[in-house]
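> Once you've had a glance at the structure underneath, I'll fire off some questions.
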Amino acid sequence: MRREATQPARFLPRAAVVDSAIHRLDPRVKVVAILTLILAIVSTPREAAWAFVAYAAILVLLVAIARLPLKHVFRRLLVVLPVIVLVAVVLPLYGAMRQGNPDPTSVVAGADLLLLWNVAAKSLLATLSVVLLASTTTVPDILSAFERLRVPATLVLILSFMFRYVFVLAEEARRMHIAIEARGYGRHRLGRIPALARLAGALFLRSHNRGERVYEAMLSRGFNGRIRVSTDSKLHLADTLFVGSLVVVALAIRLMATVAWR
Amino acid sequence: MHIPDGFLDAPTALATGGVSAAAITYALRRVGRRLGDRTVPLLGLLAAFIFAAQMLNFPVAAGTSGHVLGAALACALVGPWAACVIMTAVLLVQAFGMADGGISALGANALNMAVIGVLVAYASLWLLGRVLPKNSTSYLLSVAVASWASVVVASAAASAELAASGTVDLGIALPAMLSVHMVIGLGEALITTIIVASVLAARPDLVRTFDWARLVTTRGRDGATEPVGLGSVPKPRLRFWSFIATGLVIAAALAVFLSPFASPSPDGLERVATDTGFSSASTDQGWRLSPLPDYRLPGIDSEGVSTAVAGLIGTTFMFALVFALGRWLGNRWGKGKAGSRRTPTSARQAE
């Protein structure tokens with residue numbers, strides 16, 4: 001068979017592969033801590049280079065504790081690379097236009113390099129934080145954390161249904177794609193586009209039918225419009241310590257970056 | 001078009017986050033009122049569908065592939081408010097599960113793709129639905145226009161947010177993003193239109209923005225109403241040509257209306273040339289030889305009109321060039337493959 005058109009592997013809960021102290025933390029704690037860290041990173045003034053080094057050190061430490069495979073982390077980090085490269089390409093043009101400076105090299109060396117550094121450091125560190133969260137927490141856990149952190153319940157339930165069925169639909173799409181290939185569609189490269197698009201149309205019909213069936217199945221099991229989720233878990237000492245220390249350290253770095261040590 | 005973390009400053013992130021949170025809360029309420037108990041299972045499945053549809057890689061050219069954004073697709077199939085919720089769910093999963101699009105930029109990304117992208121698509125569908133004749137061909141045409149417009153406007157919104165944050169100057173970000181996404185939008189329009197057409201052929205009642213009653217027309221001498229139904233779903237050939245024509249009309253309209261507003265200051269390279277002094281080396285003589293010197297037509301006095309006409313000519317020329325190239329390459333590939341083509345049936349017959 002030729003190259004796969006669908007890649008369900010791009011979206012997988014890899015969390016359960018390894019176990020570590022970070023993996024075992026309460027998901028609420030991880031979501032809050034990582035969100036705080038990201039907000040601190042993003043809002044830090046660009047001149048405080050040491051602060052970014054400190055953030056990076058914290059993140060590397062956490063990745064080491066979580067024993068994440070480095071290859072996996074780096075592959076996930078590549079997501080932001082195109083955007084950074086785009087900015088790097090656009091910068092010389094930007095500098096020349098804004099300042100009207102006769103010498104392009106001096107323009108690039110000036111404030112624009114700081115801008116590139118700002119964008120690159122922040123996006124890489126923030127993405128690393130998200131990768132850390134996503135690789136140490138299963139999606140259902142993240143969703144339960146969302147729910148208890150007061151994200152609208154309907155949205156969380158939609159997300160959980162989406163997560164439950166996305167693999168089913170991806171598998172269905174893969175089977176239909178094999179059927180298309182087996183019947184010899186798409187010898188011509190562009191000829192595959194209509195066939196794939198009709199596949200997506202068929203997938204919509206099947207998703208819709210499945211949605212109706214799931215709803216009827218829920219009704220027959222006594223669904224009355226509300227879904228109750230057990231909310232009995234308590235925070236352990238380790239959870240409190242983790243979220244407390246990470247939030248305090250992140251905010252301390254953020255504060256010092258503004259007040260002193262520019 | 002996913003903005004990562006670090007590209008937006010705090011005011012922009014907060015403002016976009018506030019607007020999208022409000023819009024999504026409203027959308028959830030509207031959807032809940034319409035679907036009731038069904039909301040969760042149905043929208044969950046449809047969000048999974050959009051996510052799976054984004055996983056389908058469509059071959060573009062030279063080994064690259066692209067996928068649909070899906071805002072207009074969701075809007076056409078399930079209506080604007082449900083599409084808003086679905087796209088938000090997809091963006092949340094992308095941001096938290098795949099690190100695609102920043103957490104602090106989530107508000108901006110949701111605003112661009114889940115709110116603006118969807119609402120622009122809906123506005124186009126609504127507007128064209130009023131103007132165009134009521135049949136499925138013109139509905140599919142409006143789907144094509146809507147998906148193109150949603151991609152382009154969403155990219156314009158993204159560049160406006162980046163410019164507001166001081167990351168990139170609007171004068172650079174807007175033309176760059178627009179020109180790239182005008183091309184990407186054509187692919188989005190093509191794929192979205194075929195998907196919607198295939199759903200329309202099988203279950204026209206499920207296409208939310210398509211008025212099923214349109215197909216019920218008076219036919220026959222006794223004036224009895226009967227559904228015309230599947231017979232009026234257009235032939236692919238016709239769709240292809242109308243798609244090309246629409247694209248040309250839109251591109252031409254943009255060229256005419258937007259080019260006079262393009263930056264009157266010299267572009268980056270010209271500016272550098274003027275400043276470093278090597279532009280004096282190139283005398284005016286060289287420019288005059290070009291058929292459209294400085295994107296203007298000789299002999300037309302008004303600068304705006306002249307630029308617009310030049311833009312129109314340039315667009316038409318580019319369109320013809322790309323089209324001719326596409327046909328030529330298509331024929332060449334078709335011929336090259338035809339000799340060696342062995343479909344399963346012909347192979348079996350040969351044995």
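FYI, nothing fancy with the structure tokens labels: chains A, B, ... in order, residues from 1 per chain, ligands from 1 as they appear.
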Select, as number ranges by chain, those residues of chain B with any atom no more than 7 Å from chain A (distances computed using only C-alpha atoms).

B: 4-7, 10, 37-38, 40-49, 52-53, 55-59, 89, 96-100, 104, 169, 172, 191, 194-196, 198-199, 268, 272, 275-276, 334, 343-344

> Would you output that residue set with N, CA and C atoms, as a short mmCIF file (atom, residue, chain, number, x, y, z; two decimals), in the first residue's frame?


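Result saved to part.cif:
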```
data_model
loop_
_atom_site.label_atom_id
_atom_site.label_comp_id
_atom_site.auth_asym_id
_atom_site.auth_seq_id
_atom_site.Cartn_x
_atom_site.Cartn_y
_atom_site.Cartn_z
N PRO B 4 1.66 30.39 17.92
CA PRO B 4 2.24 29.76 19.11
C PRO B 4 2.30 30.73 20.28
N ASP B 5 2.73 30.19 21.43
CA ASP B 5 2.96 31.04 22.60
C ASP B 5 4.10 32.01 22.32
N GLY B 6 4.04 33.18 22.95
CA GLY B 6 5.16 34.11 22.85
C GLY B 6 5.07 35.08 21.69
N PHE B 7 4.10 34.88 20.79
CA PHE B 7 3.97 35.77 19.65
C PHE B 7 3.00 36.92 19.92
N ALA B 10 0.49 40.67 26.19
CA ALA B 10 -0.58 40.40 27.16
C ALA B 10 -1.91 41.06 26.78
N ASP B 37 -30.62 17.64 24.83
CA ASP B 37 -29.84 16.50 25.30
C ASP B 37 -28.85 15.98 24.28
N ARG B 38 -29.17 16.19 23.02
CA ARG B 38 -28.32 15.64 21.97
C ARG B 38 -26.99 16.35 21.85
N VAL B 40 -24.28 16.99 23.52
CA VAL B 40 -22.98 16.40 23.84
C VAL B 40 -22.59 15.27 22.90
N PRO B 41 -23.44 14.22 22.76
CA PRO B 41 -22.98 13.14 21.86
C PRO B 41 -22.81 13.60 20.42
N LEU B 42 -23.75 14.42 19.94
CA LEU B 42 -23.69 14.79 18.52
C LEU B 42 -22.49 15.68 18.23
N LEU B 43 -22.32 16.73 19.03
CA LEU B 43 -21.19 17.64 18.77
C LEU B 43 -19.86 16.95 19.05
N GLY B 44 -19.84 16.05 20.04
CA GLY B 44 -18.60 15.31 20.29
C GLY B 44 -18.19 14.50 19.08
N LEU B 45 -19.17 13.80 18.50
CA LEU B 45 -18.87 13.00 17.31
C LEU B 45 -18.46 13.89 16.15
N LEU B 46 -19.15 15.03 15.99
CA LEU B 46 -18.84 15.87 14.84
C LEU B 46 -17.49 16.56 15.02
N ALA B 47 -17.13 16.88 16.27
CA ALA B 47 -15.79 17.43 16.50
C ALA B 47 -14.74 16.37 16.17
N ALA B 48 -15.04 15.12 16.55
CA ALA B 48 -14.12 14.03 16.19
C ALA B 48 -14.04 13.90 14.67
N PHE B 49 -15.18 14.14 13.99
CA PHE B 49 -15.15 14.06 12.53
C PHE B 49 -14.25 15.14 11.94
N ALA B 52 -10.75 14.16 12.50
CA ALA B 52 -10.33 13.08 11.60
C ALA B 52 -10.18 13.59 10.18
N ALA B 53 -11.07 14.53 9.77
CA ALA B 53 -10.97 15.09 8.42
C ALA B 53 -9.68 15.87 8.26
N MET B 55 -6.98 15.00 9.58
CA MET B 55 -5.89 14.04 9.47
C MET B 55 -5.72 13.55 8.04
N LEU B 56 -6.77 13.72 7.22
CA LEU B 56 -6.66 13.29 5.82
C LEU B 56 -5.70 14.22 5.11
N ASN B 57 -4.63 13.66 4.60
CA ASN B 57 -3.68 14.49 3.87
C ASN B 57 -4.00 14.45 2.39
N PHE B 58 -4.27 15.64 1.85
CA PHE B 58 -4.55 15.71 0.42
C PHE B 58 -3.25 16.01 -0.32
N PRO B 59 -2.96 15.22 -1.35
CA PRO B 59 -1.72 15.50 -2.10
C PRO B 59 -1.83 16.85 -2.79
N ALA B 89 -13.44 22.98 20.29
CA ALA B 89 -13.01 21.69 20.83
C ALA B 89 -11.77 21.19 20.09
N PHE B 96 -3.60 21.44 23.64
CA PHE B 96 -3.16 20.69 24.82
C PHE B 96 -2.59 19.33 24.46
N GLY B 97 -3.11 18.72 23.41
CA GLY B 97 -2.65 17.37 23.10
C GLY B 97 -1.46 17.34 22.16
N MET B 98 -1.40 18.29 21.21
CA MET B 98 -0.36 18.22 20.19
C MET B 98 0.57 19.42 20.21
N ALA B 99 0.41 20.31 21.20
CA ALA B 99 1.25 21.51 21.30
C ALA B 99 1.20 22.33 20.02
N ASP B 100 0.07 22.24 19.30
CA ASP B 100 -0.10 23.00 18.06
C ASP B 100 -0.96 24.22 18.37
N SER B 104 -1.36 30.43 25.68
CA SER B 104 -1.70 31.83 25.91
C SER B 104 -2.29 32.46 24.65
N ASP B 169 5.29 43.83 11.67
CA ASP B 169 4.60 45.02 11.19
C ASP B 169 3.43 44.61 10.30
N ILE B 172 3.89 44.19 6.61
CA ILE B 172 4.55 42.99 6.11
C ILE B 172 3.68 41.77 6.35
N ILE B 191 -11.75 21.30 -1.71
CA ILE B 191 -12.02 20.10 -0.90
C ILE B 191 -13.34 20.23 -0.16
N ILE B 194 -16.29 19.65 -2.47
CA ILE B 194 -16.56 18.26 -2.84
C ILE B 194 -17.16 17.49 -1.67
N ILE B 195 -16.63 17.76 -0.45
CA ILE B 195 -17.18 17.07 0.72
C ILE B 195 -18.66 17.41 0.88
N VAL B 196 -18.97 18.72 0.83
CA VAL B 196 -20.37 19.13 1.01
C VAL B 196 -21.23 18.56 -0.12
N SER B 198 -20.82 15.80 -1.73
CA SER B 198 -21.08 14.37 -1.56
C SER B 198 -22.09 14.13 -0.45
N VAL B 199 -22.06 14.97 0.60
CA VAL B 199 -23.08 14.83 1.65
C VAL B 199 -24.44 15.24 1.09
N GLY B 268 10.26 46.71 0.38
CA GLY B 268 11.50 46.59 1.14
C GLY B 268 12.74 46.67 0.28
N VAL B 272 15.65 49.61 0.28
CA VAL B 272 17.06 49.34 0.50
C VAL B 272 17.87 49.88 -0.68
N ASP B 275 18.12 53.60 -0.45
CA ASP B 275 18.96 54.05 0.64
C ASP B 275 20.43 53.78 0.38
N THR B 276 20.74 52.64 -0.18
CA THR B 276 22.15 52.33 -0.41
C THR B 276 22.67 53.00 -1.66
N GLY B 334 -0.94 12.53 -17.28
CA GLY B 334 -1.94 11.57 -17.71
C GLY B 334 -1.39 10.66 -18.79
N THR B 343 -5.00 -1.27 -14.12
CA THR B 343 -6.01 -1.32 -13.07
C THR B 343 -6.21 -2.78 -12.70
N PRO B 344 -6.75 -3.05 -11.52
CA PRO B 344 -6.98 -4.43 -11.11
C PRO B 344 -7.81 -5.19 -12.15
#
```

> Atom CA of Met1 of chain B to atom CA of Phe52 of chain A: how many Å, to one decimal?

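Separating atom CA of Met1 of chain B from atom CA of Phe52 of chain A is a distance of 25.8 Å.
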
> For each of A:Arg24, A:Phe146, A:Val29, A:Leu37, take the minimum atom-to-atom distance to Ala51 of chain A, counting only C-alpha atoms, then give the residue where this is smallest.

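Ranked by minimum distance to Ala51 of chain A, first place goes to A:Leu37.
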
> Provide the atom CA of Leu143 of chain A to atom CA of Arg28 of chain A distance in Å, to one decimal place.

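We find that atom CA of Leu143 of chain A and atom CA of Arg28 of chain A lie 9.4 Å from each other.
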
> Interatomic distance between atom CA of Leu77 of chain B and atom CA of Thr193 of chain B?

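Those two atoms sit 11.0 Å apart.
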